[in-house]
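Dropping structure-v9.txt in here (compact mmCIF, C-alpha atoms):
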# COMPACT_ATOMS: atom_id res chain seq x y z
CA MET Y 1 -38.41 -66.36 -2.58
CA LYS Y 2 -39.82 -65.84 0.82
CA LYS Y 3 -42.43 -63.09 0.99
CA ILE Y 4 -42.36 -60.48 3.70
CA PHE Y 5 -45.83 -59.65 4.88
CA VAL Y 6 -45.68 -56.07 5.96
CA ALA Y 7 -48.94 -56.06 7.87
CA LEU Y 8 -48.57 -56.23 11.62
CA ALA Y 9 -50.31 -59.59 11.49
CA ALA Y 10 -50.91 -62.01 8.63
CA ALA Y 11 -54.62 -61.31 8.87
CA PHE Y 12 -54.97 -57.73 10.01
CA VAL Y 13 -58.43 -56.56 11.01
CA LEU Y 14 -59.35 -52.93 11.54
CA ALA Y 15 -62.62 -51.95 13.25
CA GLY Y 16 -64.10 -55.33 12.48
CA ASN Y 17 -63.39 -55.19 8.72
CA ALA Y 18 -60.61 -57.02 6.91
CA PHE Y 19 -58.41 -54.86 4.68
CA ALA Y 20 -56.02 -55.99 1.98
CA GLN Y 21 -52.58 -54.96 3.21
CA PRO Y 22 -49.63 -54.30 0.91
CA VAL Y 23 -47.34 -57.32 0.63
CA VAL Y 24 -43.74 -56.94 -0.46
CA GLU Y 25 -41.28 -59.50 -1.81
CA LYS Y 26 -37.59 -58.66 -1.81
CA ILE Y 27 -36.00 -58.73 -5.25
CA GLY Y 28 -32.48 -57.74 -4.27
CA ILE Y 29 -29.89 -55.27 -3.01
CA TYR Y 30 -27.66 -53.60 -5.59
CA LYS Y 31 -24.54 -51.48 -5.23
CA CYS Y 32 -24.35 -47.98 -6.69
CA GLY Y 33 -22.33 -44.76 -6.35
CA LEU Y 34 -21.61 -43.01 -3.09
CA GLN Y 35 -24.45 -41.58 -0.99
CA PRO Y 36 -27.56 -42.15 -3.16
CA LYS Y 37 -29.71 -39.26 -1.95
CA GLN Y 38 -32.83 -39.95 -3.98
CA VAL Y 39 -34.25 -42.66 -6.24
CA LEU Y 40 -36.62 -41.94 -9.13
CA PHE Y 41 -38.38 -44.30 -11.52
CA SER Y 42 -38.45 -43.13 -15.12
CA PRO Y 43 -41.98 -42.43 -16.47
CA ASP Y 44 -41.99 -45.74 -18.36
CA GLY Y 45 -40.68 -47.67 -15.34
CA LYS Y 46 -37.64 -48.98 -17.22
CA TYR Y 47 -35.00 -47.23 -15.16
CA ILE Y 48 -34.25 -45.95 -11.67
CA VAL Y 49 -32.16 -42.79 -11.49
CA LEU Y 50 -29.93 -42.23 -8.45
CA PRO Y 51 -28.58 -38.71 -7.75
CA LEU Y 52 -25.35 -39.17 -5.78
CA LEU Y 53 -24.49 -36.69 -3.06
CA ASP Y 54 -20.84 -37.70 -2.69
CA ASP Y 55 -20.06 -38.80 -6.22
CA ASP Y 56 -19.61 -37.33 -9.69
CA GLY Y 57 -23.11 -37.50 -11.12
CA PHE Y 58 -26.12 -39.79 -11.17
CA ASP Y 59 -26.41 -43.52 -11.80
CA ILE Y 60 -28.96 -45.16 -14.10
CA PHE Y 61 -30.19 -48.58 -12.98
CA SER Y 62 -31.94 -50.88 -15.45
CA VAL Y 63 -34.98 -52.50 -13.83
CA ASP Y 64 -34.91 -55.41 -16.32
CA GLU Y 65 -31.16 -56.02 -16.17
CA LYS Y 66 -30.95 -55.42 -12.39
CA LYS Y 67 -27.74 -53.41 -12.65
CA ILE Y 68 -26.28 -49.94 -13.08
CA ILE Y 69 -25.88 -49.42 -16.82
CA LYS Y 70 -24.53 -45.87 -16.87
CA ARG Y 71 -23.02 -43.09 -14.77
CA VAL Y 72 -23.93 -39.64 -16.11
CA ASN Y 73 -21.46 -36.84 -15.32
CA PRO Y 74 -23.07 -33.39 -15.51
CA PRO Y 75 -20.93 -30.25 -15.87
CA ASN Y 76 -19.01 -29.56 -12.66
CA ALA Y 77 -19.32 -33.25 -11.79
CA LYS Y 78 -16.14 -33.20 -9.71
CA LYS Y 79 -17.82 -30.80 -7.27
CA VAL Y 80 -20.26 -33.65 -6.39
CA GLY Y 81 -23.38 -32.71 -4.39
CA PHE Y 82 -26.14 -34.14 -6.64
CA ALA Y 83 -29.22 -34.08 -4.42
CA GLU Y 84 -32.57 -34.41 -6.18
CA GLY Y 85 -34.07 -35.19 -9.57
CA LEU Y 86 -37.32 -34.67 -11.44
CA PHE Y 87 -38.81 -36.19 -14.58
CA ILE Y 88 -41.13 -33.97 -16.64
CA PRO Y 89 -42.71 -36.41 -19.11
CA GLU Y 90 -44.55 -33.76 -21.15
CA LYS Y 91 -41.19 -32.10 -21.85
CA ASN Y 92 -39.30 -35.37 -22.40
CA ALA Y 93 -36.99 -34.03 -19.73
CA PHE Y 94 -35.10 -35.05 -16.62
CA PHE Y 95 -33.56 -32.53 -14.21
CA VAL Y 96 -30.98 -33.06 -11.47
CA SER Y 97 -29.89 -30.50 -8.86
CA GLN Y 98 -26.35 -29.90 -7.61
CA MET Y 99 -26.09 -28.30 -4.19
CA THR Y 100 -22.44 -27.31 -4.45
CA THR Y 101 -22.95 -25.11 -7.53
CA GLY Y 102 -26.54 -23.85 -7.16
CA LYS Y 103 -27.38 -25.27 -10.57
CA ILE Y 104 -29.86 -27.69 -12.09
CA TYR Y 105 -29.07 -29.68 -15.24
CA GLU Y 106 -31.56 -30.77 -17.89
CA TYR Y 107 -31.31 -34.04 -19.84
CA SER Y 108 -33.57 -35.59 -22.45
CA TYR Y 109 -35.64 -38.62 -21.64
CA PRO Y 110 -35.48 -41.13 -23.23
CA GLY Y 111 -31.76 -41.06 -23.87
CA PHE Y 112 -30.36 -38.96 -21.01
CA GLU Y 113 -28.64 -36.60 -23.45
CA TYR Y 114 -27.37 -33.37 -21.92
CA LYS Y 115 -29.36 -30.24 -22.88
CA ARG Y 116 -28.50 -27.30 -20.62
CA GLU Y 117 -27.66 -25.98 -17.17
CA ILE Y 118 -29.69 -23.41 -15.26
CA SER Y 119 -28.35 -21.31 -12.40
CA THR Y 120 -30.91 -20.98 -9.62
CA GLY Y 121 -29.40 -17.85 -8.12
CA GLY Y 122 -29.59 -19.59 -4.77
CA THR Y 123 -27.19 -21.44 -2.47
CA TRP Y 124 -27.33 -25.21 -1.97
CA SER Y 125 -30.19 -25.91 -4.37
CA LYS Y 126 -32.08 -29.10 -3.56
CA PHE Y 127 -35.67 -30.01 -4.41
CA ILE Y 128 -37.21 -29.34 -7.86
CA ALA Y 129 -40.94 -29.02 -8.68
CA TYR Y 130 -42.70 -28.25 -11.96
CA CYS Y 131 -45.99 -26.48 -12.72
CA PRO Y 132 -47.32 -27.39 -16.20
CA GLU Y 133 -50.02 -24.72 -16.16
CA LYS Y 134 -47.44 -21.94 -15.82
CA ASN Y 135 -44.50 -23.77 -17.41
CA LEU Y 136 -42.60 -22.95 -14.25
CA LEU Y 137 -39.83 -24.66 -12.30
CA ALA Y 138 -39.36 -24.14 -8.58
CA VAL Y 139 -36.12 -24.99 -6.76
CA SER Y 140 -35.61 -24.83 -2.98
CA ASN Y 141 -32.31 -23.30 -1.84
CA TRP Y 142 -31.23 -24.74 1.50
CA VAL Y 143 -28.64 -22.15 2.57
CA SER Y 144 -29.92 -18.93 0.97
CA ASN Y 145 -33.37 -19.64 2.48
CA ASN Y 146 -35.44 -19.03 -0.64
CA VAL Y 147 -37.21 -20.71 -3.53
CA SER Y 148 -36.21 -19.85 -7.10
CA MET Y 149 -39.09 -19.54 -9.56
CA ILE Y 150 -37.71 -20.28 -13.04
CA ASP Y 151 -39.32 -19.93 -16.46
CA TYR Y 152 -38.87 -23.34 -18.09
CA ALA Y 153 -38.60 -22.06 -21.66
CA SER Y 154 -35.88 -19.48 -21.06
CA GLY Y 155 -34.27 -20.81 -17.88
CA LYS Y 156 -34.54 -17.32 -16.44
CA VAL Y 157 -35.06 -16.84 -12.70
CA LEU Y 158 -38.26 -14.79 -12.44
CA ARG Y 159 -38.14 -14.25 -8.70
CA LYS Y 160 -36.78 -15.71 -5.47
CA ILE Y 161 -39.30 -16.17 -2.67
CA PRO Y 162 -37.87 -15.81 0.87
CA THR Y 163 -38.82 -18.77 3.09
CA GLY Y 164 -38.21 -20.20 6.52
CA ALA Y 165 -34.71 -21.50 7.21
CA ALA Y 166 -33.49 -24.39 5.02
CA PRO Y 167 -36.41 -24.91 2.62
CA ARG Y 168 -36.68 -28.34 1.11
CA GLY Y 169 -39.96 -29.98 -0.02
CA LEU Y 170 -42.15 -28.12 -2.54
CA TYR Y 171 -45.57 -28.63 -4.08
CA PHE Y 172 -47.59 -26.48 -6.52
CA LEU Y 173 -51.31 -26.05 -5.74
CA ASP Y 174 -54.37 -24.86 -7.67
CA GLY Y 175 -52.81 -24.87 -11.11
CA GLY Y 176 -49.75 -23.00 -9.93
CA LYS Y 177 -51.53 -20.21 -8.08
CA TYR Y 178 -49.82 -21.28 -4.86
CA ILE Y 179 -46.79 -23.23 -3.78
CA ILE Y 180 -46.12 -25.00 -0.48
CA SER Y 181 -42.58 -24.85 0.91
CA LEU Y 182 -41.28 -26.89 3.85
CA ALA Y 183 -38.61 -25.37 6.11
CA PHE Y 184 -36.27 -27.96 7.62
CA ASP Y 185 -34.61 -25.60 10.12
CA GLY Y 186 -37.42 -23.06 10.35
CA GLY Y 187 -40.07 -25.50 11.53
CA VAL Y 188 -42.73 -24.10 9.20
CA ILE Y 189 -45.05 -25.23 6.45
CA GLU Y 190 -45.58 -22.17 4.26
CA LYS Y 191 -48.03 -21.38 1.48
CA PHE Y 192 -47.08 -18.65 -0.99
CA ASP Y 193 -48.78 -16.85 -3.85
CA VAL Y 194 -46.57 -17.79 -6.80
CA ASP Y 195 -46.96 -14.56 -8.79
CA SER Y 196 -46.44 -12.10 -5.95
CA GLY Y 197 -44.23 -14.22 -3.69
CA LYS Y 198 -46.42 -13.18 -0.76
CA ARG Y 199 -46.90 -15.70 2.03
CA VAL Y 200 -50.62 -16.39 2.49
CA ASN Y 201 -50.49 -19.03 5.23
CA LYS Y 202 -48.13 -20.88 7.53
CA ILE Y 203 -48.04 -23.55 10.21
CA TYR Y 204 -45.27 -23.43 12.79
CA ILE Y 205 -44.27 -26.46 14.85
CA GLN Y 206 -41.54 -25.91 17.43
CA ASN Y 207 -38.25 -27.63 16.54
CA ALA Y 208 -39.85 -29.36 13.54
CA ALA Y 209 -37.60 -30.40 10.64
CA MET Y 210 -39.90 -30.66 7.62
CA ARG Y 211 -38.51 -32.68 4.75
CA HIS Y 212 -40.84 -34.11 2.09
CA ILE Y 213 -44.42 -33.55 0.95
CA VAL Y 214 -46.76 -35.66 -1.20
CA VAL Y 215 -50.39 -34.99 -2.10
CA ASN Y 216 -53.26 -37.39 -2.78
CA LYS Y 217 -55.02 -37.65 -6.16
CA ALA Y 218 -57.95 -35.53 -5.00
CA ASN Y 219 -55.50 -32.73 -4.18
CA ASP Y 220 -57.22 -32.10 -0.86
CA THR Y 221 -54.78 -33.79 1.54
CA ALA Y 222 -51.01 -33.59 1.90
CA PHE Y 223 -48.63 -35.76 3.92
CA ILE Y 224 -45.40 -34.32 5.32
CA SER Y 225 -42.38 -35.89 7.01
CA ASP Y 226 -40.98 -34.17 10.12
CA MET Y 227 -37.56 -35.61 10.92
CA TYR Y 228 -37.10 -34.00 14.34
CA HIS Y 229 -40.27 -35.33 15.93
CA ALA Y 230 -40.30 -38.52 13.79
CA HIS Y 231 -43.84 -37.63 12.72
CA ILE Y 232 -45.82 -37.96 9.54
CA LEU Y 233 -48.28 -35.07 9.38
CA LYS Y 234 -51.63 -35.12 7.61
CA LEU Y 235 -52.51 -31.67 6.24
CA ASP Y 236 -55.99 -30.59 5.12
CA LEU Y 237 -55.23 -28.32 2.16
CA ALA Y 238 -58.61 -26.53 2.19
CA THR Y 239 -58.28 -25.35 5.79
CA PHE Y 240 -54.48 -25.53 5.91
CA THR Y 241 -54.53 -27.33 9.24
CA ILE Y 242 -52.84 -30.45 10.57
CA THR Y 243 -55.59 -33.00 11.17
CA SER Y 244 -53.49 -35.95 12.30
CA LYS Y 245 -49.95 -37.09 12.99
CA THR Y 246 -48.30 -40.48 13.33
CA LYS Y 247 -45.07 -41.33 15.11
CA VAL Y 248 -42.76 -43.46 12.99
CA TYR Y 249 -39.16 -44.64 13.34
CA THR Y 250 -36.25 -42.22 13.80
CA ASN Y 251 -35.51 -39.56 11.15
CA PRO Y 252 -38.26 -40.06 8.54
CA ASN Y 253 -37.13 -38.89 5.11
CA THR Y 254 -38.80 -39.54 1.76
CA ILE Y 255 -42.46 -40.55 1.53
CA GLU Y 256 -44.58 -41.96 -1.31
CA LEU Y 257 -48.23 -42.95 -1.70
CA TYR Y 258 -49.23 -46.43 -2.89
CA LYS Y 259 -52.71 -46.92 -4.33
CA ASP Y 260 -53.49 -43.40 -3.06
CA ARG Y 261 -53.96 -44.92 0.40
CA TYR Y 262 -50.81 -46.43 1.88
CA LEU Y 263 -47.87 -44.17 2.63
CA PHE Y 264 -44.37 -45.67 2.47
CA VAL Y 265 -41.90 -43.78 4.69
CA SER Y 266 -38.12 -44.14 4.62
CA CYS Y 267 -36.73 -43.75 8.14
CA ARG Y 268 -32.99 -43.20 8.30
CA GLY Y 269 -32.53 -44.38 11.87
CA PRO Y 270 -30.59 -42.75 14.75
CA ASN Y 271 -27.80 -40.28 14.09
CA ASN Y 272 -24.22 -41.24 14.74
CA PRO Y 273 -23.35 -39.57 18.08
CA LYS Y 274 -20.05 -38.26 16.65
CA ASP Y 275 -21.53 -36.76 13.48
CA TYR Y 276 -24.89 -37.24 11.76
CA THR Y 277 -23.10 -37.57 8.39
CA LEU Y 278 -21.42 -40.81 9.53
CA ARG Y 279 -22.94 -44.29 9.54
CA SER Y 280 -25.84 -44.77 11.90
CA PRO Y 281 -25.31 -47.03 14.93
CA SER Y 282 -28.27 -49.10 13.76
CA ASN Y 283 -30.00 -49.63 10.44
CA GLY Y 284 -33.14 -47.88 9.27
CA GLN Y 285 -36.67 -48.95 8.45
CA ILE Y 286 -39.45 -48.36 5.97
CA LYS Y 287 -42.78 -47.78 7.69
CA ILE Y 288 -46.13 -48.24 5.94
CA ILE Y 289 -49.08 -46.11 7.05
CA ASP Y 290 -52.74 -46.65 6.20
CA THR Y 291 -53.77 -43.04 5.61
CA THR Y 292 -57.45 -43.78 6.27
CA ASP Y 293 -56.67 -43.74 10.00
CA MET Y 294 -52.91 -42.96 9.97
CA SER Y 295 -52.06 -46.27 11.63
CA ILE Y 296 -48.78 -48.09 10.97
CA VAL Y 297 -49.57 -51.37 9.24
CA GLY Y 298 -46.12 -52.61 8.30
CA THR Y 299 -42.35 -52.39 8.54
CA ILE Y 300 -39.52 -53.24 6.14
CA TYR Y 301 -36.04 -53.40 7.64
CA GLY Y 302 -33.51 -51.61 5.47
CA GLY Y 303 -29.77 -51.01 5.46
CA ASN Y 304 -27.81 -48.09 6.83
CA GLN Y 305 -29.75 -44.84 6.48
CA PRO Y 306 -32.64 -45.53 4.05
CA THR Y 307 -33.14 -42.12 2.41
CA GLY Y 308 -34.51 -41.96 -1.14
CA LEU Y 309 -37.71 -43.89 -1.90
CA ASP Y 310 -39.98 -44.27 -4.91
CA ILE Y 311 -42.69 -46.54 -6.28
CA SER Y 312 -42.84 -47.46 -9.96
CA PRO Y 313 -45.52 -45.87 -12.19
CA ASP Y 314 -47.42 -49.19 -12.39
CA GLU Y 315 -47.16 -49.47 -8.57
CA LYS Y 316 -45.58 -52.92 -8.77
CA ILE Y 317 -42.06 -52.12 -7.54
CA LEU Y 318 -40.68 -50.30 -4.51
CA CYS Y 319 -37.14 -48.95 -4.44
CA PHE Y 320 -35.27 -47.23 -1.64
CA SER Y 321 -31.64 -46.22 -1.14
CA ASP Y 322 -29.37 -47.19 1.73
CA PHE Y 323 -27.41 -43.94 1.85
CA GLN Y 324 -24.39 -45.12 3.84
CA ASP Y 325 -24.19 -48.54 2.16
CA ALA Y 326 -23.97 -47.10 -1.39
CA ALA Y 327 -26.80 -49.42 -2.37
CA ILE Y 328 -30.46 -49.60 -3.36
CA GLU Y 329 -33.04 -52.18 -2.35
CA ILE Y 330 -35.84 -53.31 -4.65
CA TYR Y 331 -39.08 -55.03 -3.67
CA ARG Y 332 -42.10 -56.30 -5.55
CA ILE Y 333 -45.43 -54.94 -4.16
CA SER Y 334 -48.84 -56.58 -4.26
CA ASP Y 335 -51.98 -56.58 -2.16

Exercise: express the given structure as structure tokens:
Amino acid sequence: MKKIFVALAAAFVLAGNAFAQPVVEKIGIYKCGLQPKQVLFSPDGKYIVLPLLDDDGFDIFSVDEKKIIKRVNPPNAKKVGFAEGLFIPEKNAFFVSQMTTGKIYEYSYPGFEYKREISTGGTWSKFIAYCPEKNLLAVSNWVSNNVSMIDYASGKVLRKIPTGAAPRGLYFLDGGKYIISLAFDGGVIEKFDVDSGKRVNKIYIQNAAMRHIVVNKANDTAFISDMYHAHILKLDLATFTITSKTKVYTNPNTIELYKDRYLFVSCRGPNNPKDYTLRSPSNGQIKIIDTTDMSIVGTIYGGNQPTGLDISPDEKILCFSDFQDAAIEIYRISD
């Protein structure tokens, strides 16, 4: 199988020193349910879970068998709207959110056996984060403009923190003392005290549409996708300042770190001029950024509206979803 070298050149040299660039080899494209919003590798790397925005649940794809082996239908499955998922290995748990009901559903892992539903108390619930130190779930509510803080053990909503308009990405900091929330319509990156709900810091960028946040292993630097400006932002967590930004392709969505250095970015591509929910006039791309200098070092050409993206726990496989094609693409990664 022909390998796709994602570096800008076969032998890329930066500042006089040769760097090993990620190399990807396409494994295949595989059909799935309608509008795969996110892709998540299971903690053991055996499966990829696909929450489906316009279908009745989430698909489970076997990495070994290279096929969908099961469709899981949570309660209220006919109301569709399954947006995001989260594995919590220490709880042997998997959660999926459903925007149309304001609920999250818990399943066992392994096994994907249904356990319970939790009402977030919010409207259009999307992203889910977990804090092990406080045994706390956080869920961003896109329409009610708040984040639900939920006790994992009881499923009780402890408080709802008001945020900028259309919160999405979340990340717990400092053992759960703080949480970062990204506002898609509000154009702000906000830092809140978890216990009090008080906002302690914010960054406002005019017209920005913040989507996803990931943090490096040292927990001192975050990377954030801004769909409106097509930027990837580098955030110093100690000073809470943007130190760098990189322009990528149109409508960057999900981001993921590889080897704690290279950032893979799914870029949906241009909106359909009639309605952004329709197929894009041209296909999307995956950009690869070397975070040491925030330069783009590679491109993978995807299908229509690449959206969800994840890298396997052993960092050997990349998966991303082509939202409008009802498909996922899988690549082998090496360097």

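With all atoms listed in the file as the atoms that count, the residue of Y:Arg332, Y:Lys287, Y:Lys115, Y:His212 with the shortest distance to Y:Ile317 is Y:Arg332.
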
query = Taking (-20.1, -45.6, 0.2) in the file's coordinates, which residues come within 7 Å, counting all atoms listed in the file, written as a ChimeraX atom specification?
reply = /Y:33-35,324-326

Point-to-point distance from atom CA of Y:Asp55 to atom CA of Y:Ile118, Å rounded to tenths = 20.3 Å

key: Nearest candidate to Y:Phe184 (options Y:Val157, Y:Ile213, Y:Met227, Y:Val49; using only C-alpha atoms)   =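 Of Y:Val157, Y:Ile213, Y:Met227, Y:Val49, the one nearest Y:Phe184 is Y:Met227, counting only C-alpha atoms.
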
inquiry  = Show me, as a ChimeraX atom specification, the residues that have an atom within 10 Å of Y:Ser282 when counting only C-alpha atoms, minus same-chain residues fewer than 3 positions from it.
reply    = /Y:268-272,279,285,303-305

ask   = So which residues touch stretch 257-265 of chain Y within 7 Å, counting all atoms listed in the file, skipping near sequence neighbours fewer than 3 positions away, as a VMD selection string?
value = chain Y and resid 216 to 217 252 to 254 286 to 292 315

Interatomic distance, atom CA of Y:Phe192 to atom CA of Y:Phe95 (Å, one decimal) = 23.5 Å

inquiry  = Could you list, as a PyMOL selection string, every residue within 7 Å of Y:Val72, counting only C-alpha atoms and ignoring same-chain residues fewer than 2 positions away?
reply    = chain Y and resi 57-59+70+74

Answer as a ChimeraX atom specification, residues within 12 Å of (-44.1, -19.3, -12.7) using all atoms listed in the file = /Y:129-139,147-161,172,175-179,193-197

ask   = Contacts of Y:Glu117 at 8 Å or less, counting all atoms listed in the file, minus same-chain residues fewer than 2 places along, as a PyMOL selection string?
value = chain Y and resi 103-106+115+119

ask   = Nearest to Y:Ser266: which of Y:Met294, Y:Ile128, Y:Ala183, Y:Val39 is it, counting all atoms listed in the file?
value =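 When distances to Y:Ser266 are compared using all atoms listed in the file, the smallest one comes from Y:Val39.
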
Y:Met99 surroundings by all atoms listed in the file, 7 Å radius, close-in-sequence under 3 positions cut, as a list in words = Gly81, Phe82, Ala83, Gly102, Trp124, Ser125 and Lys126 of chain Y

query = Could you work out how far atom CA of Y:Asn146 lies from atom CA of Y:Gly122, giving the answer in Å with one decimal?
reply =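 Distance reported for this atom pair: 7.2 Å.
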
Produce the centre coordinates and the three edge lengths, each in Å to one decimal, of the box along x, y and z that contains all listed atoms of stretch 287-297 of chain Y with 4 Å added on each side, as AutoDock Vina command-line options.
--center_x -50.1 --center_y -47.2 --center_z 8.6 --size_x 22.7 --size_y 16.4 --size_z 14.0

ask   = Counting all atoms listed in the file, which of Y:Phe61, Y:Tyr301, Y:Trp142, Y:Phe112 gets nearest to Y:Tyr30?
value =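 Once distances to Y:Tyr30 are computed over all atoms listed in the file, the minimum belongs to Y:Phe61.
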
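Distance check against Y:Asp310 using only C-alpha atoms: of Y:Tyr331, Y:Phe41, Y:Tyr47, Y:Tyr276, the minimum falls on Y:Phe41.
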
key: Nearest-residue call for Y:Ile48, choices Y:Pro313, Y:Pro22, Y:Gly186, Y:Pro162, using all atoms listed in the file   =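 Closest to Y:Ile48 of all the choices is Y:Pro313.
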
Output: stretch 253-298 of chain Y of the preceding structure, restricted to C-alpha atoms, written as a tab-separated table (two decimals), in the first residue's frame.
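The resulting file, part_19.tsv, is reproduced below:
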chain	number	residue	atom	x	y	z
Y	253	ASN	CA	-12.85	20.96	14.52
Y	254	THR	CA	-11.37	18.19	16.67
Y	255	ILE	CA	-7.69	18.17	17.62
Y	256	GLU	CA	-5.42	15.49	19.12
Y	257	LEU	CA	-1.77	15.34	20.16
Y	258	TYR	CA	0.58	12.67	18.79
Y	259	LYS	CA	3.77	11.91	20.72
Y	260	ASP	CA	2.98	15.01	22.81
Y	261	ARG	CA	4.40	17.10	19.97
Y	262	TYR	CA	2.41	16.88	16.74
Y	263	LEU	CA	-1.15	18.15	16.68
Y	264	PHE	CA	-3.60	16.52	14.26
Y	265	VAL	CA	-6.44	18.88	13.30
Y	266	SER	CA	-9.64	17.89	11.50
Y	267	CYS	CA	-10.74	20.72	9.19
Y	268	ARG	CA	-14.29	20.42	7.93
Y	269	GLY	CA	-13.84	22.61	4.87
Y	270	PRO	CA	-16.04	25.47	3.57
Y	271	ASN	CA	-19.69	25.73	4.53
Y	272	ASN	CA	-22.39	25.05	1.98
Y	273	PRO	CA	-23.62	28.51	0.89
Y	274	LYS	CA	-27.27	27.42	1.26
Y	275	ASP	CA	-26.92	25.94	4.75
Y	276	TYR	CA	-23.86	24.92	6.79
Y	277	THR	CA	-25.61	21.64	7.74
Y	278	LEU	CA	-25.53	20.48	4.09
Y	279	ARG	CA	-22.61	18.89	2.25
Y	280	SER	CA	-19.60	21.12	1.78
Y	281	PRO	CA	-18.79	22.27	-1.76
Y	282	SER	CA	-15.33	20.76	-1.33
Y	283	ASN	CA	-13.85	18.09	0.91
Y	284	GLY	CA	-11.97	18.70	4.13
Y	285	GLN	CA	-8.42	18.13	5.31
Y	286	ILE	CA	-6.44	16.97	8.31
Y	287	LYS	CA	-3.59	19.34	9.12
Y	288	ILE	CA	-0.56	18.30	11.19
Y	289	ILE	CA	1.19	20.93	13.30
Y	290	ASP	CA	4.61	20.66	14.92
Y	291	THR	CA	3.84	22.34	18.24
Y	292	THR	CA	7.50	23.19	18.89
Y	293	ASP	CA	7.13	26.11	16.46
Y	294	MET	CA	3.44	25.78	15.46
Y	295	SER	CA	4.32	25.16	11.82
Y	296	ILE	CA	2.17	23.00	9.53
Y	297	VAL	CA	4.20	19.96	8.53
Y	298	GLY	CA	1.61	17.85	6.75
